[in-house]
Amino acid sequence: MSVEVEIKLKINSRTDIERVLEETGFVRADLVLESDTYYTSDHHDFAALDKAFRVRSTENRMTGKRSAAITYKGAKMDNISMTRQELETTVGDAKICRKILEYIGFRPVPPVEKLRQYFHRENITACVDTVTNLGDYLELEIIVETEGKKEAALDKVKEILQTIGYSMQDTTRTSYLSMLLAK
């Protein structure tokens, strides 16, 4: 099992943040369209438990390649970031996976769609997102193998934020799904 150490913040200019990331050593990678279908059920209310369960469909805008994955995210592990336990695996067909979940009692909630530009530097992933009906955001994440490595990874994320002109006070712990549902 891995732990996803993640922060998210609203940005004013997608172009400016992409330039700053490249100036600080991040390398531009894939541009993808992601469509996330989240689920809840009568027997497991993920939102009430601060957890998430989704099927993600991805289309790489550079290669045209499509893929899908199913993901479970545990409750947030601290009070300052989006850090969670994460389990994810690919699935062959997102539509069939969604149908299976619905047949066994899971209900989809409104989808989250975003255009995501990936950047990488060492073991850090930066995502510049344009989220439908929400605007532009930056996510920084580091995947660590154990919870014991979480603090060092979070310190590294804080350093990057400072380098690019932000701080932890600029971040939000609210998921895109929760933001959309609140609208």
# chains A, B, ... in the order shown; residues from 1 in each chain; ligands from 1

call {"tool": "select_by_dssp", "arguments": {"residues": "chain A", "states": "helix (DSSP H, G or I)", "output": "PyMOL selection string"}}
result
chain A and resi 14-23+94-103+147-163+168-170+176-182

call {"tool": "residues_around", "arguments": {"residues": "stretch 81-87 of chain A", "least_positions_apart": "6", "cutoff": "9 Å", "atoms": "only C-alpha atoms", "output": "list in words"}}
result
Met1, Ser2, Val3, Glu4, Val5, Glu6, Ile7, Lys8, Lys51, Ile70, Thr71, Tyr72, Lys73, Gly74, Ala75, Glu141, Glu147, Lys150, Leu154, Met168, Thr171, Thr172, Arg173, Thr174 and Ser175 of chain A

call {"tool": "closest_residue", "arguments": {"among": "A:Ser13, A:Pro108, A:Leu21, A:Gly64", "to": "A:Phe46", "atoms": "only C-alpha atoms"}}
result
A:Pro108

call {"tool": "closest_residue", "arguments": {"among": "A:Ser167, A:Asn79, A:Ser57, A:Thr15", "to": "A:Val32", "atoms": "only C-alpha atoms"}}
result
A:Ser57

call {"tool": "atom_distance", "arguments": {"atom1": "atom CA of A:Ala126", "atom2": "atom CA of A:Leu140"}}
result
4.6 Å

call {"tool": "closest_residue", "arguments": {"among": "A:Glu59, A:Ile104, A:Arg14, A:Thr24", "to": "A:Ile164", "atoms": "only C-alpha atoms"}}
result
A:Thr24

call {"tool": "select_by_dssp", "arguments": {"residues": "stretch 59-109 of chain A", "states": "strand (DSSP E or B)", "output": "VMD selection string"}}
result
chain A and resid 59 to 60 66 to 73 84 to 90 107 to 108

call {"tool": "residues_around", "arguments": {"residues": "A:Arg98", "least_positions_apart": "6", "cutoff": "12 Å", "atoms": "only C-alpha atoms", "output": "ChimeraX atom specification"}}
result
/A:36-39,53-57,68-70,91-92,104-109

call {"tool": "write_last_selection", "arguments": {"atoms": "C-alpha atoms", "output": "JSON list (two decimals), in the first residue's frame"}}
result
[["chain", "number", "residue", "atom", "x", "y", "z"],
["A", 36, "ASP", "CA", -13.71, 10.58, -12.70],
["A", 37, "THR", "CA", -16.90, 8.81, -11.62],
["A", 38, "TYR", "CA", -17.12, 8.65, -7.82],
["A", 39, "TYR", "CA", -19.38, 6.26, -5.94],
["A", 53, "PHE", "CA", -13.92, 5.42, -4.45],
["A", 54, "ARG", "CA", -13.78, 6.14, -8.17],
["A", 55, "VAL", "CA", -13.37, 4.87, -11.70],
["A", 56, "ARG", "CA", -11.16, 7.14, -13.83],
["A", 57, "SER", "CA", -11.20, 7.21, -17.62],
["A", 68, "ALA", "CA", -8.97, 3.33, -17.04],
["A", 69, "ALA", "CA", -8.33, 2.69, -13.36],
["A", 70, "ILE", "CA", -10.29, 2.03, -10.18],
["A", 91, "VAL", "CA", -9.18, -1.90, -15.47],
["A", 92, "GLY", "CA", -9.74, -3.00, -19.03],
["A", 104, "ILE", "CA", -23.81, -4.47, -6.86],
["A", 105, "GLY", "CA", -25.33, -1.39, -5.24],
["A", 106, "PHE", "CA", -22.89, 1.47, -5.71],
["A", 107, "ARG", "CA", -24.36, 4.76, -6.97],
["A", 108, "PRO", "CA", -22.41, 7.26, -9.05],
["A", 109, "VAL", "CA", -22.30, 10.92, -8.05]]

call {"tool": "atom_distance", "arguments": {"atom1": "atom CA of A:Ile142", "atom2": "atom CA of A:Thr125"}}
result
6.4 Å

call {"tool": "closest_residue", "arguments": {"among": "A:Ala52, A:Leu101, A:Met179, A:Ala94", "to": "A:Lys76", "atoms": "only C-alpha atoms"}}
result
A:Ala52

call {"tool": "decode", "arguments": {"residues": "stretch 53-78 of chain A", "atoms": "N, CA, C and O atoms", "output": "short mmCIF file (atom, residue, chain, number, x, y, z; two decimals), in the first residue's frame"}}
result
data_model
loop_
_atom_site.label_atom_id
_atom_site.label_comp_id
_atom_site.auth_asym_id
_atom_site.auth_seq_id
_atom_site.Cartn_x
_atom_site.Cartn_y
_atom_site.Cartn_z
N PHE A 53 -13.94 6.63 -3.63
CA PHE A 53 -13.92 5.42 -4.45
C PHE A 53 -14.35 5.84 -5.85
O PHE A 53 -15.44 6.40 -6.02
N ARG A 54 -13.48 5.62 -6.84
CA ARG A 54 -13.78 6.14 -8.17
C ARG A 54 -13.30 5.21 -9.27
O ARG A 54 -12.41 4.38 -9.06
N VAL A 55 -13.87 5.44 -10.46
CA VAL A 55 -13.37 4.87 -11.70
C VAL A 55 -12.95 6.06 -12.55
O VAL A 55 -13.74 6.98 -12.76
N ARG A 56 -11.70 6.05 -13.02
CA ARG A 56 -11.16 7.14 -13.83
C ARG A 56 -10.93 6.66 -15.26
O ARG A 56 -10.27 5.65 -15.48
N SER A 57 -11.48 7.42 -16.21
CA SER A 57 -11.20 7.21 -17.62
C SER A 57 -10.24 8.31 -18.07
O SER A 57 -10.45 9.48 -17.74
N THR A 58 -9.20 7.92 -18.78
CA THR A 58 -8.17 8.86 -19.20
C THR A 58 -7.94 8.78 -20.70
O THR A 58 -7.86 7.68 -21.25
N GLU A 59 -7.84 9.95 -21.31
CA GLU A 59 -7.46 10.02 -22.72
C GLU A 59 -6.23 10.91 -22.83
O GLU A 59 -6.28 12.10 -22.48
N ASN A 60 -5.12 10.33 -23.29
CA ASN A 60 -3.90 11.10 -23.49
C ASN A 60 -4.07 11.96 -24.73
O ASN A 60 -4.26 11.43 -25.82
N ARG A 61 -4.01 13.28 -24.57
CA ARG A 61 -4.23 14.19 -25.69
C ARG A 61 -3.05 14.24 -26.65
O ARG A 61 -3.16 14.75 -27.75
N MET A 62 -1.92 13.69 -26.24
CA MET A 62 -0.73 13.69 -27.09
C MET A 62 -0.67 12.43 -27.96
O MET A 62 -0.27 12.49 -29.12
N THR A 63 -1.08 11.30 -27.37
CA THR A 63 -0.95 10.03 -28.10
C THR A 63 -2.29 9.43 -28.53
O THR A 63 -2.32 8.52 -29.34
N GLY A 64 -3.38 9.92 -27.93
CA GLY A 64 -4.69 9.36 -28.21
C GLY A 64 -4.99 8.10 -27.40
O GLY A 64 -6.09 7.57 -27.44
N LYS A 65 -4.01 7.61 -26.65
CA LYS A 65 -4.19 6.38 -25.86
C LYS A 65 -5.24 6.60 -24.75
O LYS A 65 -5.26 7.63 -24.10
N ARG A 66 -6.07 5.59 -24.57
CA ARG A 66 -7.10 5.62 -23.52
C ARG A 66 -6.77 4.55 -22.48
O ARG A 66 -6.28 3.48 -22.82
N SER A 67 -7.11 4.86 -21.23
CA SER A 67 -6.91 3.88 -20.17
C SER A 67 -7.96 4.13 -19.09
O SER A 67 -8.69 5.12 -19.12
N ALA A 68 -8.02 3.21 -18.14
CA ALA A 68 -8.97 3.33 -17.04
C ALA A 68 -8.38 2.70 -15.78
O ALA A 68 -7.57 1.77 -15.87
N ALA A 69 -8.81 3.21 -14.64
CA ALA A 69 -8.33 2.69 -13.36
C ALA A 69 -9.44 2.81 -12.32
O ALA A 69 -10.32 3.66 -12.43
N ILE A 70 -9.38 1.95 -11.33
CA ILE A 70 -10.29 2.03 -10.18
C ILE A 70 -9.41 2.36 -8.98
O ILE A 70 -8.31 1.82 -8.82
N THR A 71 -9.90 3.29 -8.14
CA THR A 71 -9.10 3.82 -7.04
C THR A 71 -9.91 3.90 -5.76
O THR A 71 -11.06 4.35 -5.77
N TYR A 72 -9.28 3.50 -4.67
CA TYR A 72 -9.80 3.71 -3.32
C TYR A 72 -8.85 4.68 -2.63
O TYR A 72 -7.63 4.49 -2.69
N LYS A 73 -9.39 5.72 -1.99
CA LYS A 73 -8.58 6.65 -1.20
C LYS A 73 -9.13 6.65 0.22
O LYS A 73 -10.32 6.87 0.43
N GLY A 74 -8.24 6.41 1.18
CA GLY A 74 -8.63 6.43 2.58
C GLY A 74 -8.86 7.84 3.08
O GLY A 74 -8.70 8.82 2.35
N ALA A 75 -9.22 7.95 4.35
CA ALA A 75 -9.45 9.26 4.97
C ALA A 75 -8.14 10.06 5.00
O ALA A 75 -7.05 9.49 5.03
N LYS A 76 -8.28 11.38 5.00
CA LYS A 76 -7.10 12.25 5.09
C LYS A 76 -6.34 11.94 6.37
O LYS A 76 -6.94 11.68 7.41
N MET A 77 -5.00 11.98 6.28
CA MET A 77 -4.16 11.54 7.38
C MET A 77 -3.64 12.68 8.26
O MET A 77 -2.95 12.43 9.24
N ASP A 78 -3.91 13.92 7.88
CA ASP A 78 -3.48 15.06 8.70
C ASP A 78 -4.46 16.21 8.50
O ASP A 78 -5.43 16.07 7.76
#
